[in-house]
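**Student:** Handing you a structure now.
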Amino acid sequence: MALFTHKEAQLGELEGTGYLFQNKDTIPATMQGVFFGQETEAESIESLVEQEPIPFRGVLYKKNLSGKVTGTTVEMTVDVTQFREVSMGPRALLEVVEQD
């Protein structure tokens with residue numbers, strides 16, 4: 001998996017950075033992502049784990065057959081599957097459940 005550039009993103013009402021990407025290693029292919037928020041919002045982000053799906057607005061990276069990566073700004077509904085404090089701040093792992 002290539003490392004993608006973090007861009008400005010919004011998870012529900014929370015502002016931060018992150019991205020979505022198409023994971024072709026799963027069958028069928030899934031769309032997953034990551035979101036980093038502010039330290040002051042760690043509890044809010046953690047509370048999203050295993051709750052109702054929430055809108056994500058940010059960049060979606062896709063890689064074509066020749067390996068070229070494109071980024072498109074999208075709004076999709078995601079589940080927050082995991083939360084962890086890392087050196088970049090509070091991190092949420094995402095899985096797309098519905099495209100808007």
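By order in the structure tokens, chains are A, B, ...; within a chain, residues start at 1; ligands start at 1, following the order shown.
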Applying 10 Å and only C-alpha atoms, which residues near segment 7-17 of chain A remain after dropping the ones on its own chain fewer than 6 positions away? List them as a ChimeraX atom specification.

**Tutor:** /A:34-38,41,44-45,48,53-60,73-78,80,89-92,94

**Student:** Selected residues, N, CA and C atoms, written as a compact mmCIF listing (two decimals), in the first residue's frame, please.

**Tutor:**
# COMPACT_ATOMS: atom_id res chain seq x y z
N VAL A 34 -8.28 7.02 7.22
CA VAL A 34 -7.74 7.45 8.50
C VAL A 34 -8.08 8.93 8.69
N PHE A 35 -8.30 9.30 9.95
CA PHE A 35 -8.61 10.69 10.30
C PHE A 35 -7.82 11.05 11.55
N PHE A 36 -7.13 12.19 11.52
CA PHE A 36 -6.41 12.70 12.68
C PHE A 36 -7.07 13.99 13.12
N GLY A 37 -7.42 14.06 14.39
CA GLY A 37 -8.05 15.26 14.93
C GLY A 37 -7.13 16.00 15.88
N GLN A 38 -7.68 17.03 16.49
CA GLN A 38 -6.95 17.84 17.48
C GLN A 38 -6.91 17.11 18.82
N GLU A 41 -9.92 17.14 20.99
CA GLU A 41 -11.10 16.41 20.52
C GLU A 41 -10.96 14.90 20.66
N SER A 44 -14.04 13.08 21.92
CA SER A 44 -15.12 13.11 20.92
C SER A 44 -14.87 12.09 19.82
N ILE A 45 -13.63 11.98 19.38
CA ILE A 45 -13.29 11.02 18.33
C ILE A 45 -13.43 9.60 18.85
N LEU A 48 -16.85 7.96 18.87
CA LEU A 48 -17.46 7.57 17.59
C LEU A 48 -17.27 6.09 17.26
N PRO A 53 -22.90 5.20 11.76
CA PRO A 53 -22.04 5.77 10.71
C PRO A 53 -22.13 7.30 10.69
N ILE A 54 -21.07 7.93 10.24
CA ILE A 54 -20.95 9.39 10.28
C ILE A 54 -20.37 9.87 8.94
N PRO A 55 -20.73 11.08 8.51
CA PRO A 55 -20.18 11.57 7.25
C PRO A 55 -18.70 11.94 7.35
N PHE A 56 -17.97 11.65 6.30
CA PHE A 56 -16.56 12.03 6.15
C PHE A 56 -16.45 12.84 4.88
N ARG A 57 -15.79 13.99 4.97
CA ARG A 57 -15.53 14.81 3.78
C ARG A 57 -14.03 14.99 3.69
N GLY A 58 -13.47 14.58 2.57
CA GLY A 58 -12.03 14.69 2.37
C GLY A 58 -11.64 14.08 1.04
N VAL A 59 -10.38 13.70 0.93
CA VAL A 59 -9.87 13.17 -0.33
C VAL A 59 -9.95 11.64 -0.34
N LEU A 60 -10.30 11.09 -1.50
CA LEU A 60 -10.30 9.65 -1.76
C LEU A 60 -9.22 9.38 -2.79
N THR A 73 -11.92 14.86 -4.10
CA THR A 73 -12.63 15.25 -2.89
C THR A 73 -14.02 14.61 -2.91
N VAL A 74 -14.37 13.93 -1.82
CA VAL A 74 -15.63 13.20 -1.74
C VAL A 74 -16.29 13.43 -0.39
N GLU A 75 -17.56 13.06 -0.32
CA GLU A 75 -18.27 12.97 0.96
C GLU A 75 -18.90 11.59 1.00
N MET A 76 -18.52 10.80 2.00
CA MET A 76 -19.00 9.43 2.13
C MET A 76 -19.35 9.15 3.58
N THR A 77 -20.19 8.16 3.79
CA THR A 77 -20.56 7.74 5.14
C THR A 77 -19.60 6.65 5.58
N VAL A 78 -19.05 6.80 6.78
CA VAL A 78 -18.04 5.86 7.28
C VAL A 78 -18.39 5.38 8.68
N VAL A 80 -16.42 4.41 12.19
CA VAL A 80 -15.15 4.56 12.89
C VAL A 80 -14.89 3.21 13.55
N GLY A 89 -1.42 12.74 16.97
CA GLY A 89 -2.65 13.14 17.65
C GLY A 89 -3.63 11.99 17.68
N PRO A 90 -4.87 12.27 18.05
CA PRO A 90 -5.88 11.21 18.08
C PRO A 90 -6.19 10.71 16.67
N ARG A 91 -6.15 9.38 16.48
CA ARG A 91 -6.34 8.79 15.16
C ARG A 91 -7.55 7.87 15.16
N ALA A 92 -8.38 8.02 14.13
CA ALA A 92 -9.52 7.15 13.92
C ALA A 92 -9.33 6.40 12.61
N LEU A 94 -11.13 4.32 9.61
CA LEU A 94 -12.45 4.42 9.01
C LEU A 94 -12.69 3.31 8.00

**Student:** Please identify the strand (DSSP E or B) residues within chain A (assignment by DSSP from backbone atoms) and present them as a PyMOL selection string.

**Tutor:** chain A and resi 7-11+14-23+30-36+49+54-63+69-86+89-99

**Student:** Write out, as an mmCIF file, in the first residue's frame, the residues just selected, with C-alpha atoms.

**Tutor:**
data_model
loop_
_atom_site.group_PDB
_atom_site.id
_atom_site.type_symbol
_atom_site.label_atom_id
_atom_site.label_comp_id
_atom_site.auth_asym_id
_atom_site.auth_seq_id
_atom_site.Cartn_x
_atom_site.Cartn_y
_atom_site.Cartn_z
ATOM 1 C CA LYS A 7 -5.293 16.501 3.426
ATOM 2 C CA GLU A 8 -7.803 18.671 5.268
ATOM 3 C CA ALA A 9 -10.772 16.522 6.248
ATOM 4 C CA GLN A 10 -13.962 16.623 8.264
ATOM 5 C CA LEU A 11 -15.418 13.741 10.286
ATOM 6 C CA LEU A 14 -14.762 17.535 13.665
ATOM 7 C CA GLU A 15 -11.999 19.224 11.648
ATOM 8 C CA GLY A 16 -8.665 17.528 11.045
ATOM 9 C CA THR A 17 -6.611 15.778 8.373
ATOM 10 C CA GLY A 18 -6.885 12.396 6.711
ATOM 11 C CA TYR A 19 -7.926 10.511 3.624
ATOM 12 C CA LEU A 20 -9.799 7.498 2.236
ATOM 13 C CA PHE A 21 -8.288 4.882 -0.067
ATOM 14 C CA GLN A 22 -9.450 1.867 -2.051
ATOM 15 C CA ASN A 23 -8.120 -1.357 -0.529
ATOM 16 C CA THR A 30 -13.260 -1.958 0.278
ATOM 17 C CA MET A 31 -12.682 1.697 0.959
ATOM 18 C CA GLN A 32 -10.901 2.493 4.188
ATOM 19 C CA GLY A 33 -9.282 5.551 5.657
ATOM 20 C CA VAL A 34 -7.742 7.450 8.501
ATOM 21 C CA PHE A 35 -8.606 10.687 10.297
ATOM 22 C CA PHE A 36 -6.410 12.700 12.675
ATOM 23 C CA VAL A 49 -16.110 3.991 17.721
ATOM 24 C CA ILE A 54 -20.953 9.386 10.278
ATOM 25 C CA PRO A 55 -20.182 11.574 7.246
ATOM 26 C CA PHE A 56 -16.559 12.035 6.153
ATOM 27 C CA ARG A 57 -15.534 14.809 3.783
ATOM 28 C CA GLY A 58 -12.034 14.693 2.368
ATOM 29 C CA VAL A 59 -9.865 13.169 -0.330
ATOM 30 C CA LEU A 60 -10.302 9.649 -1.756
ATOM 31 C CA TYR A 61 -7.184 8.158 -3.333
ATOM 32 C CA LYS A 62 -7.497 5.559 -6.079
ATOM 33 C CA LYS A 63 -4.743 3.746 -7.944
ATOM 34 C CA VAL A 69 -2.718 7.592 -8.033
ATOM 35 C CA THR A 70 -5.523 10.139 -8.271
ATOM 36 C CA GLY A 71 -7.165 12.069 -5.454
ATOM 37 C CA THR A 72 -10.752 13.270 -5.537
ATOM 38 C CA THR A 73 -12.634 15.251 -2.886
ATOM 39 C CA VAL A 74 -15.628 13.199 -1.737
ATOM 40 C CA GLU A 75 -18.272 12.971 0.961
ATOM 41 C CA MET A 76 -19.002 9.430 2.131
ATOM 42 C CA THR A 77 -20.560 7.741 5.136
ATOM 43 C CA VAL A 78 -18.045 5.862 7.278
ATOM 44 C CA ASP A 79 -17.856 3.696 10.378
ATOM 45 C CA VAL A 80 -15.147 4.556 12.887
ATOM 46 C CA THR A 81 -13.647 1.122 13.539
ATOM 47 C CA GLN A 82 -10.741 1.966 15.836
ATOM 48 C CA PHE A 83 -9.316 4.820 17.906
ATOM 49 C CA ARG A 84 -5.761 5.292 19.127
ATOM 50 C CA GLU A 85 -3.575 8.117 20.418
ATOM 51 C CA VAL A 86 -0.453 8.384 18.230
ATOM 52 C CA GLY A 89 -2.646 13.141 17.646
ATOM 53 C CA PRO A 90 -5.884 11.213 18.082
ATOM 54 C CA ARG A 91 -6.335 8.787 15.155
ATOM 55 C CA ALA A 92 -9.524 7.150 13.922
ATOM 56 C CA LEU A 93 -9.525 4.295 11.418
ATOM 57 C CA LEU A 94 -12.452 4.417 9.008
ATOM 58 C CA GLU A 95 -14.379 2.048 6.768
ATOM 59 C CA VAL A 96 -16.742 3.360 4.099
ATOM 60 C CA VAL A 97 -20.269 1.995 4.463
ATOM 61 C CA GLU A 98 -22.101 4.098 1.886
ATOM 62 C CA GLN A 99 -21.206 6.463 -0.944
#

**Student:** Give the alpha helix (DSSP H) residues of chain A, as DSSP finds them on the backbone, and put them as a list in words.

**Tutor:**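 Put together, the selection reads Ala42, Glu43, Ser44, Ile45 and Glu46 of chain A.
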
**Student:** One decimal, in Å: what's the spacing between atom CA of Ser66 of chain A and atom CA of Lys24 of chain A?

**Tutor:**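 Going from atom CA of Ser66 of chain A over to atom CA of Lys24 of chain A covers 14.1 Å.
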
**Student:** What is the distance between atom CA of Met88 of chain A and atom CA of Ser47 of chain A, in Å to one decimal?

**Tutor:**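 We find that atom CA of Met88 of chain A and atom CA of Ser47 of chain A lie 18.7 Å from each other.
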